[in-house]
Each structure stands twice: as structure tokens, then as C-alpha cells.
Amino acid sequence: MHIDEVVHSWPGRLCCSRFDEETGAFLTIAVDSTQRGPAAGGTRAMVYESFGDAVRDATRLASSMTSKMVAAGLPMGGGKSVIALPVPRAQLEPEVWQRILDRHAENLAMLNGSYFTGPDIGTGPADMDVLHQRCGFAFGRSEQAGGPGSSAPETAHGVYVAVRAAAREAGMPELDGATVVVQGLGAVGMDVARRLAGQGARLVAADVDALACERAADELGARIIGVDDVLGFAGDVFVPCAVGNMVDDVVASGIDTRVVAGAANNVLASDSAARVLSRRGIVYAPDFVANGGGAIHLIGREVLGWGPEKVAAKVEDIAHTLERIFRTARALRISTDEAAHRLVRESLDQAAA
Ligand code: HCI
């Protein structure tokens, strides 16, 4: 994919990239909006097929962060960092990763506070400790370093709240006995699975990591299926907690659950996929609303001075935001995704007026 194609179709503020010859890493920071406050959003470190793909992921994810901040009522803009690695993070020598983090910190320093980063796929609190020490513009440091620690538990709390709200909308007030298909058993996916098992849900789960699957089977009684079998698996609720962009029109027409609500960013590969789900009567909880718990935790604790109880209460509010979105979608006969984007647009327009 050509870079021009990516940035020409993106309405954001700034997207900058840097190739580090020594490590082979290609680093991108996208700042989508600073209308409500400094931009914030995590650093994603993974392997991409092309640099164009990496830039496109950064810009799309940055735009989602803007929507996420608005939906969660947080006084921040949206941004994202993507580090396209030469090999998977687990295969990188520690010194190489440290050098990559140094380059990233230099880039953050250059943006001088118009963008703050945080953890995302491939990064965690220990990396934020390093970035914060180097440049200061990082949320989500470890508790030992004086930060609020991992955002995974609050993200999972929010996803659980979203699953419950979407299930109610689909006519399932309780999850006892419901079949819930969880895609991805990372820190968030496993935590969501645990909360759902606690409600008596029957778990079906898939992950590329065999050890994570074993744990879910042993601890939660999950039935493990192959990662290629998860889309279209028959059940009541589908909970995507792996990478995004996997629900296109074709996948949307094959999904065999009544609800889709998960932690992954950019679940839908296109706007039309949302319409396919909606036409089929499947209740979709827009990703940037359902997975807002992490942002509420980080921004709440580090910018707004909230304690854990206030953070938890705000995460519970995700249910009310979703109920509003579901009502709007029903009233206007539009998809829940369109309804969510409409609420975001209205809120940004109001603030700008
Ligand atoms: C995310 O929500 O996708 C990443 C978490 C995050 C939220 C706010 C600032 C940095 C990272």
C-alpha cells in the first residue's frame, strides 16, 4: 500500500514516521485531534506486512481514540503510536527493544506534550516506565514507578459491562447458560472470560497461545476451538479481544451470535459491516465505547486525579452510554456504530460552536 493513499483519506492533524536503520523498526505517531485536550493513545508494537499498513493502522486507531475519549467524557484528544517491528517482540533482543524505545521517546519528546502515549498490544507498564523516565509523555507506568499500573483489569471491567448491556438489548437479561465465544486470551480477554464464567456463561475460546488456552480450559472450563473457527462459531455472544479489522461484510454475514461486544480496537473493517450486523439483528456494542475502560483508568488516575472507586463508577457508566446508542439506533433505524459516531460528532460540534 502506498503511503499517499493512507494519509490522503485521513482527516487527522499530524502523522509522522521514522525508520531506524539500526534496529529495522519503523515508528509512526498519528495525532488525530487535540480539540478537547492533548492527544492520548497507546503504543502498539507488532509486525506489519508493509509500512503503509502500519501507518494506516496508526491513523485509524488514532481516530478511534478521539471517539473513545468523547464517548467516555474524557478531556483528551486522540492519538496512537505504531512501531512496526522487524520480528515479533518476543524474538527481539532486549537491547534492540531498548533502542527502539529510546527512538520512540525521542519522537514523543519532539511532539512536546501534544501527544501522550500509553500501553497497547506489544507494550506494557514496564515500557511506559522507560518512556516516562526518558521524556515524561507516557501514561500507565507500573505501580512501583508511581503509576496506576496495567489498564487491563479496567478495560476488562468495561467490556464485561458492555457485554451485559448489549445482551440485555438482545433480550438476554442474564448470561447464565449463555454460550460466549471469546477470541483472544491475553490479559484483557482472559479477565473478561473470567468475569463471564462467574455469571454462569458457557465459554468457548480461541487464542494462538496454547498455554493461555490451557489455562482457560483448566481454570474456567472453557471449550477451546481453533483460531480459524472462531468467526462464525454458533453461540449467543461473540467477544473479540484480539487484533482488529477482522469483521468485513463477508464475516459479518456469517457471524452466528446475537451479540458482538469485545475489547479489540477497530473490530469492523468497514462501515458497511456494521450495517450487515444491524440488518441481521445482531447487537453490536461499538468497540470504542466497549473498550473505553483502559482510557478511563489511565486518564482518570493520571490527569483527573480520580481514585479507583471513581474510575470503577465511570467504567460502569459505559452501560448508560451504550443504552443511549442503542436507543438512537432504534429510533433512527441506523446501525449502532453509526449511532455512536453520531453522538461523538454532535459532542465535538457542540464543543466547537
Ligand atoms: C486504548 O484505549 O486503546 C489504549 C489505552 C490508552 C488510553 C489512553 C491513553 C493511552 C493509552
# chains A, B, ... in the order shown; residues from 1 in each chain; ligands from 1

call {"tool": "residues_near_ligand", "arguments": {"ligand": "ligand 1", "cutoff": "7 Å", "atoms": "only C-alpha atoms and all ligand atoms", "output": "compact mmCIF listing (two decimals) with all heavy atoms, in the first residue's frame"}}
result
# COMPACT_ATOMS: atom_id res chain seq x y z
N ALA A 40 -4.07 11.49 23.27
CA ALA A 40 -3.52 10.35 24.01
C ALA A 40 -3.98 9.06 23.35
O ALA A 40 -5.04 9.00 22.73
CB ALA A 40 -3.96 10.37 25.47
N GLY A 41 -3.16 8.03 23.50
CA GLY A 41 -3.46 6.72 22.93
C GLY A 41 -2.20 5.87 22.99
O GLY A 41 -1.09 6.40 23.02
N GLY A 42 -2.38 4.60 23.00
CA GLY A 42 -1.28 3.68 23.29
C GLY A 42 -0.24 3.53 22.19
O GLY A 42 -0.38 4.05 21.09
N MET A 65 -9.33 6.66 18.93
CA MET A 65 -9.04 7.21 20.28
C MET A 65 -9.79 8.51 20.50
O MET A 65 -10.28 8.77 21.61
CB MET A 65 -7.53 7.45 20.46
CG MET A 65 -6.67 6.21 20.70
SD MET A 65 -7.20 5.10 22.02
CE MET A 65 -7.20 6.17 23.45
N PHE A 116 0.36 12.17 24.38
CA PHE A 116 0.84 11.28 25.45
C PHE A 116 0.56 9.85 25.04
O PHE A 116 -0.54 9.54 24.58
CB PHE A 116 0.10 11.56 26.76
CG PHE A 116 0.51 12.82 27.44
CD1 PHE A 116 0.12 14.06 26.92
CD2 PHE A 116 1.28 12.78 28.60
CE1 PHE A 116 0.49 15.24 27.55
CE2 PHE A 116 1.66 13.96 29.24
CZ PHE A 116 1.27 15.20 28.71
N THR A 117 1.51 8.97 25.27
CA THR A 117 1.27 7.57 24.92
C THR A 117 0.88 6.74 26.14
O THR A 117 0.72 7.26 27.25
CB THR A 117 2.47 6.98 24.17
OG1 THR A 117 2.03 5.82 23.47
CG2 THR A 117 3.61 6.65 25.11
N GLY A 118 0.69 5.46 25.91
CA GLY A 118 0.31 4.52 26.97
C GLY A 118 0.46 3.12 26.41
O GLY A 118 0.96 2.94 25.30
N PRO A 119 0.05 2.09 27.16
CA PRO A 119 0.22 0.72 26.68
C PRO A 119 -0.81 0.32 25.63
O PRO A 119 -1.91 0.85 25.59
CB PRO A 119 0.04 -0.11 27.95
CG PRO A 119 -0.76 0.74 28.87
CD PRO A 119 -0.51 2.17 28.51
N ASP A 120 -0.43 -0.57 24.75
CA ASP A 120 -1.33 -1.17 23.76
C ASP A 120 -0.73 -2.55 23.45
O ASP A 120 0.17 -3.01 24.15
CB ASP A 120 -1.43 -0.29 22.51
CG ASP A 120 -2.62 -0.64 21.62
OD1 ASP A 120 -3.70 -0.09 21.85
OD2 ASP A 120 -2.49 -1.47 20.70
N PHE A 139 1.54 7.64 29.87
CA PHE A 139 0.65 7.21 30.94
C PHE A 139 0.82 5.71 31.15
O PHE A 139 1.31 5.01 30.27
CB PHE A 139 -0.81 7.48 30.57
CG PHE A 139 -1.15 8.92 30.38
CD1 PHE A 139 -1.85 9.34 29.26
CD2 PHE A 139 -0.77 9.87 31.32
CE1 PHE A 139 -2.19 10.69 29.09
CE2 PHE A 139 -1.10 11.22 31.15
CZ PHE A 139 -1.81 11.62 30.02
N ASN A 265 -9.73 -3.05 19.34
CA ASN A 265 -9.94 -1.77 18.68
C ASN A 265 -10.19 -2.02 17.20
O ASN A 265 -9.60 -2.92 16.61
CB ASN A 265 -8.68 -0.90 18.81
CG ASN A 265 -8.61 -0.20 20.15
OD1 ASN A 265 -9.55 0.46 20.57
ND2 ASN A 265 -7.48 -0.34 20.83
N ASN A 291 -14.58 -0.65 24.87
CA ASN A 291 -13.23 -0.84 25.41
C ASN A 291 -12.66 0.44 26.04
O ASN A 291 -11.44 0.56 26.20
CB ASN A 291 -12.29 -1.40 24.33
CG ASN A 291 -12.02 -0.42 23.20
OD1 ASN A 291 -12.20 0.78 23.36
ND2 ASN A 291 -11.57 -0.93 22.07
N GLY A 292 -13.53 1.35 26.43
CA GLY A 292 -13.07 2.62 27.00
C GLY A 292 -12.54 2.54 28.42
O GLY A 292 -11.99 3.52 28.94
N GLY A 294 -9.94 1.20 29.75
CA GLY A 294 -8.50 1.45 29.89
C GLY A 294 -8.20 2.93 29.89
O GLY A 294 -7.43 3.44 30.72
N ALA A 295 -8.82 3.65 28.96
CA ALA A 295 -8.62 5.10 28.87
C ALA A 295 -9.18 5.79 30.12
O ALA A 295 -8.57 6.72 30.66
CB ALA A 295 -9.28 5.65 27.61
N LEU A 298 -6.58 5.22 32.87
CA LEU A 298 -5.33 5.97 32.73
C LEU A 298 -5.55 7.48 32.87
O LEU A 298 -4.85 8.16 33.62
CB LEU A 298 -4.67 5.67 31.38
CG LEU A 298 -4.19 4.23 31.19
CD1 LEU A 298 -3.63 4.03 29.79
CD2 LEU A 298 -3.12 3.88 32.22
N ILE A 299 -6.52 8.01 32.13
CA ILE A 299 -6.76 9.45 32.17
C ILE A 299 -7.37 9.85 33.52
O ILE A 299 -7.01 10.88 34.09
CB ILE A 299 -7.67 9.91 31.01
CG1 ILE A 299 -7.11 9.42 29.66
CG2 ILE A 299 -7.87 11.42 31.02
CD1 ILE A 299 -5.71 9.88 29.35

call {"tool": "residues_around", "arguments": {"residues": "range 162-177 of chain A", "least_positions_apart": "3", "cutoff": "10 Å", "atoms": "only C-alpha atoms", "output": "mmCIF file with N, CA and C atoms, in the first residue's frame"}}
result
data_model
loop_
_atom_site.group_PDB
_atom_site.id
_atom_site.type_symbol
_atom_site.label_atom_id
_atom_site.label_comp_id
_atom_site.auth_asym_id
_atom_site.auth_seq_id
_atom_site.Cartn_x
_atom_site.Cartn_y
_atom_site.Cartn_z
ATOM 1 N N ALA A 156 -11.159 -4.724 30.963
ATOM 2 C CA ALA A 156 -11.989 -5.933 31.048
ATOM 3 C C ALA A 156 -13.306 -5.642 31.776
ATOM 4 N N HIS A 157 -13.228 -4.836 32.825
ATOM 5 C CA HIS A 157 -14.444 -4.461 33.561
ATOM 6 C C HIS A 157 -15.430 -3.788 32.593
ATOM 7 N N GLY A 158 -14.912 -2.848 31.786
ATOM 8 C CA GLY A 158 -15.760 -2.134 30.828
ATOM 9 C C GLY A 158 -16.343 -3.061 29.765
ATOM 10 N N VAL A 159 -15.541 -3.977 29.288
ATOM 11 C CA VAL A 159 -16.024 -4.912 28.264
ATOM 12 C C VAL A 159 -17.127 -5.795 28.863
ATOM 13 N N VAL A 180 -20.761 -18.094 25.213
ATOM 14 C CA VAL A 180 -19.996 -16.890 24.918
ATOM 15 C C VAL A 180 -18.686 -17.285 24.247
ATOM 16 N N VAL A 192 -11.944 -10.893 30.958
ATOM 17 C CA VAL A 192 -13.355 -10.833 30.559
ATOM 18 C C VAL A 192 -13.963 -12.236 30.666
ATOM 19 N N LEU A 196 -17.196 -13.450 32.870
ATOM 20 C CA LEU A 196 -18.381 -14.054 32.249
ATOM 21 C C LEU A 196 -18.635 -15.443 32.815
ATOM 22 N N ALA A 197 -17.562 -16.192 33.064
ATOM 23 C CA ALA A 197 -17.711 -17.518 33.679
ATOM 24 C C ALA A 197 -18.357 -17.369 35.053
ATOM 25 N N GLY A 198 -17.996 -16.287 35.757
ATOM 26 C CA GLY A 198 -18.570 -16.000 37.076
ATOM 27 C C GLY A 198 -20.081 -15.795 37.015
ATOM 28 N N GLN A 199 -20.592 -15.430 35.843
ATOM 29 C CA GLN A 199 -22.045 -15.242 35.656
ATOM 30 C C GLN A 199 -22.711 -16.509 35.125
ATOM 31 N N GLY A 200 -21.946 -17.585 35.062
ATOM 32 C CA GLY A 200 -22.536 -18.847 34.617
ATOM 33 C C GLY A 200 -22.536 -19.052 33.110
ATOM 34 N N ALA A 201 -21.776 -18.190 32.385
ATOM 35 C CA ALA A 201 -21.728 -18.366 30.926
ATOM 36 C C ALA A 201 -20.902 -19.609 30.576
ATOM 37 N N ARG A 202 -21.294 -20.249 29.487
ATOM 38 C CA ARG A 202 -20.504 -21.364 28.948
ATOM 39 C C ARG A 202 -19.495 -20.782 27.982
ATOM 40 N N LEU A 203 -18.201 -20.969 28.277
ATOM 41 C CA LEU A 203 -17.163 -20.323 27.487
ATOM 42 C C LEU A 203 -16.665 -21.199 26.354
ATOM 43 N N ASP A 236 -24.215 -17.376 21.667
ATOM 44 C CA ASP A 236 -25.084 -16.241 21.984
ATOM 45 C C ASP A 236 -24.345 -14.907 21.883
ATOM 46 N N VAL A 237 -23.086 -14.908 22.336
ATOM 47 C CA VAL A 237 -22.324 -13.659 22.369
ATOM 48 C C VAL A 237 -20.939 -13.898 21.784
ATOM 49 N N PHE A 238 -20.485 -12.994 20.911
ATOM 50 C CA PHE A 238 -19.122 -13.044 20.384
ATOM 51 C C PHE A 238 -18.330 -11.906 21.017
ATOM 52 N N VAL A 239 -17.176 -12.238 21.619
ATOM 53 C CA VAL A 239 -16.369 -11.248 22.344
ATOM 54 C C VAL A 239 -14.970 -11.150 21.726
ATOM 55 N N ARG A 258 -25.936 -13.481 18.782
ATOM 56 C CA ARG A 258 -26.924 -12.389 18.831
ATOM 57 C C ARG A 258 -26.281 -11.077 19.253
ATOM 58 N N VAL A 259 -25.059 -11.177 19.777
ATOM 59 C CA VAL A 259 -24.369 -10.004 20.314
ATOM 60 C C VAL A 259 -22.902 -10.042 19.902
ATOM 61 N N VAL A 260 -22.337 -8.870 19.582
ATOM 62 C CA VAL A 260 -20.891 -8.724 19.397
ATOM 63 C C VAL A 260 -20.439 -7.580 20.298
ATOM 64 N N ALA A 261 -19.586 -7.884 21.273
ATOM 65 C CA ALA A 261 -19.075 -6.857 22.188
ATOM 66 C C ALA A 261 -17.742 -7.331 22.718
ATOM 67 N N GLY A 262 -16.686 -6.546 22.482
ATOM 68 C CA GLY A 262 -15.365 -7.004 22.927
ATOM 69 C C GLY A 262 -14.388 -5.877 23.173
ATOM 70 N N ALA A 263 -13.120 -6.243 23.338
ATOM 71 C CA ALA A 263 -12.074 -5.306 23.717
ATOM 72 C C ALA A 263 -11.242 -4.830 22.532
ATOM 73 N N GLY A 281 -29.961 -8.186 12.729
ATOM 74 C CA GLY A 281 -30.495 -8.145 14.097
ATOM 75 C C GLY A 281 -29.473 -8.482 15.170
ATOM 76 N N ILE A 282 -28.187 -8.397 14.804
ATOM 77 C CA ILE A 282 -27.138 -8.673 15.792
ATOM 78 C C ILE A 282 -26.795 -7.367 16.511
ATOM 79 N N VAL A 283 -26.796 -7.391 17.831
ATOM 80 C CA VAL A 283 -26.497 -6.174 18.603
ATOM 81 C C VAL A 283 -24.985 -6.012 18.726
ATOM 82 N N TYR A 284 -24.469 -4.959 18.101
ATOM 83 C CA TYR A 284 -23.033 -4.673 18.146
ATOM 84 C C TYR A 284 -22.785 -3.507 19.110
ATOM 85 N N ALA A 285 -21.939 -3.739 20.116
ATOM 86 C CA ALA A 285 -21.524 -2.655 21.024
ATOM 87 C C ALA A 285 -20.308 -1.998 20.388
ATOM 88 N N PRO A 286 -20.408 -0.739 19.903
ATOM 89 C CA PRO A 286 -19.276 -0.104 19.229
ATOM 90 C C PRO A 286 -17.993 -0.237 20.052
ATOM 91 N N ASP A 287 -16.926 -0.667 19.365
ATOM 92 C CA ASP A 287 -15.675 -1.000 20.074
ATOM 93 C C ASP A 287 -15.142 0.142 20.939
ATOM 94 N N VAL A 289 -16.558 2.362 22.486
ATOM 95 C CA VAL A 289 -17.331 2.566 23.719
ATOM 96 C C VAL A 289 -17.055 1.394 24.673
ATOM 97 N N ALA A 290 -17.148 0.185 24.124
ATOM 98 C CA ALA A 290 -16.999 -1.020 24.951
ATOM 99 C C ALA A 290 -15.616 -1.121 25.594
ATOM 100 N N ASN A 291 -14.582 -0.648 24.869
ATOM 101 C CA ASN A 291 -13.226 -0.838 25.405
ATOM 102 C C ASN A 291 -12.659 0.436 26.038
ATOM 103 N N GLY A 292 -13.533 1.345 26.427
ATOM 104 C CA GLY A 292 -13.072 2.621 26.996
ATOM 105 C C GLY A 292 -12.541 2.538 28.422
ATOM 106 N N VAL A 315 -16.497 3.562 34.708
ATOM 107 C CA VAL A 315 -16.490 2.391 33.809
ATOM 108 C C VAL A 315 -17.904 1.789 33.748
ATOM 109 N N GLU A 316 -18.588 1.761 34.881
ATOM 110 C CA GLU A 316 -19.972 1.254 34.902
ATOM 111 C C GLU A 316 -20.878 2.095 34.003
ATOM 112 N N ASP A 317 -20.549 3.391 33.870
ATOM 113 C CA ASP A 317 -21.359 4.294 33.030
ATOM 114 C C ASP A 317 -21.357 3.888 31.559
ATOM 115 N N ILE A 318 -20.400 3.042 31.154
ATOM 116 C CA ILE A 318 -20.364 2.555 29.768
ATOM 117 C C ILE A 318 -21.728 1.947 29.411
ATOM 118 N N ALA A 319 -22.387 1.320 30.384
ATOM 119 C CA ALA A 319 -23.705 0.724 30.133
ATOM 120 C C ALA A 319 -24.704 1.794 29.705
ATOM 121 N N HIS A 320 -24.675 2.961 30.387
ATOM 122 C CA HIS A 320 -25.630 4.025 30.051
ATOM 123 C C HIS A 320 -25.345 4.611 28.680
ATOM 124 N N THR A 321 -24.055 4.794 28.388
ATOM 125 C CA THR A 321 -23.683 5.312 27.063
ATOM 126 C C THR A 321 -24.195 4.359 25.983
ATOM 127 N N LEU A 322 -24.015 3.070 26.203
ATOM 128 C CA LEU A 322 -24.480 2.092 25.203
ATOM 129 C C LEU A 322 -25.996 2.108 25.083
ATOM 130 N N GLU A 323 -26.692 2.232 26.206
ATOM 131 C CA GLU A 323 -28.162 2.258 26.157
ATOM 132 C C GLU A 323 -28.636 3.441 25.307
ATOM 133 N N PHE A 326 -28.008 2.529 21.679
ATOM 134 C CA PHE A 326 -28.991 1.540 21.193
ATOM 135 C C PHE A 326 -30.341 2.225 20.921
ATOM 136 N N ARG A 327 -30.724 3.145 21.823
ATOM 137 C CA ARG A 327 -31.992 3.876 21.630
ATOM 138 C C ARG A 327 -31.948 4.697 20.345
#

call {"tool": "select_by_dssp", "arguments": {"residues": "range 54-261 of chain A", "states": "alpha helix (DSSP H)", "output": "ChimeraX atom specification"}}
result
/A:54-71,94-111,125-135,152-169,187-198,210-220,249-254

call {"tool": "select_by_dssp", "arguments": {"residues": "range 95-329 of chain A", "states": "strand (DSSP E or B)", "output": "ChimeraX atom specification"}}
result
/A:115-117,119,138,179-183,202-206,223-224,237-240,247,259-260,268,283-284

call {"tool": "write_last_selection", "arguments": {"atoms": "C-alpha atoms", "output": "mmCIF file, in the first residue's frame"}}
result
data_model
loop_
_atom_site.group_PDB
_atom_site.id
_atom_site.type_symbol
_atom_site.label_atom_id
_atom_site.label_comp_id
_atom_site.auth_asym_id
_atom_site.auth_seq_id
_atom_site.Cartn_x
_atom_site.Cartn_y
_atom_site.Cartn_z
ATOM 1 C CA TYR A 115 0.534 13.661 22.477
ATOM 2 C CA PHE A 116 0.841 11.280 25.447
ATOM 3 C CA THR A 117 1.267 7.572 24.922
ATOM 4 C CA PRO A 119 0.221 0.720 26.677
ATOM 5 C CA ALA A 138 3.624 8.394 28.906
ATOM 6 C CA THR A 179 -22.655 -19.582 25.117
ATOM 7 C CA VAL A 180 -19.996 -16.890 24.918
ATOM 8 C CA VAL A 181 -17.264 -17.102 22.276
ATOM 9 C CA VAL A 182 -14.081 -15.281 23.334
ATOM 10 C CA GLN A 183 -11.484 -14.526 20.657
ATOM 11 C CA ARG A 202 -20.504 -21.364 28.948
ATOM 12 C CA LEU A 203 -17.163 -20.323 27.487
ATOM 13 C CA VAL A 204 -15.797 -21.156 24.066
ATOM 14 C CA ALA A 205 -12.350 -19.647 23.485
ATOM 15 C CA ALA A 206 -9.520 -19.409 20.982
ATOM 16 C CA ARG A 223 -14.040 -25.301 25.425
ATOM 17 C CA ILE A 224 -11.059 -24.497 23.197
ATOM 18 C CA VAL A 237 -22.324 -13.659 22.369
ATOM 19 C CA PHE A 238 -19.122 -13.044 20.384
ATOM 20 C CA VAL A 239 -16.369 -11.248 22.344
ATOM 21 C CA PRO A 240 -13.474 -10.124 20.102
ATOM 22 C CA VAL A 247 -15.145 -8.234 10.614
ATOM 23 C CA VAL A 259 -24.369 -10.004 20.314
ATOM 24 C CA VAL A 260 -20.891 -8.724 19.397
ATOM 25 C CA LEU A 268 -15.092 -3.617 11.944
ATOM 26 C CA VAL A 283 -26.497 -6.174 18.603
ATOM 27 C CA TYR A 284 -23.033 -4.673 18.146
#

call {"tool": "closest_residue", "arguments": {"among": "A:Thr66, A:Gln133, A:Ser33, A:Thr155", "to": "Gly186 in chain A", "atoms": "only C-alpha atoms"}}
result
A:Thr155

call {"tool": "residues_around", "arguments": {"residues": "Asp129 in chain A", "least_positions_apart": "2", "cutoff": "10 Å", "atoms": "only C-alpha atoms", "output": "list in words"}}
result
Gly124, Pro125, Ala126, Asp127, Leu131, His132, Gln133, Arg134, Gly136, Ala138, Phe139, Gly140, Arg141, Ser142, Glu143, Gln144, Ala145, Gly146 and Gly147 of chain A

call {"tool": "atom_distance", "arguments": {"atom1": "CA of Met128 in chain A", "atom2": "CA of Asp32 in chain A"}}
result
21.3 Å

call {"tool": "residues_around", "arguments": {"residues": "Ala340 in chain A", "least_positions_apart": "2", "cutoff": "9 Å", "atoms": "only C-alpha atoms", "output": "ChimeraX atom specification"}}
result
/A:67,71,286,288-289,321-322,324-326,328-329,335-338,342-345
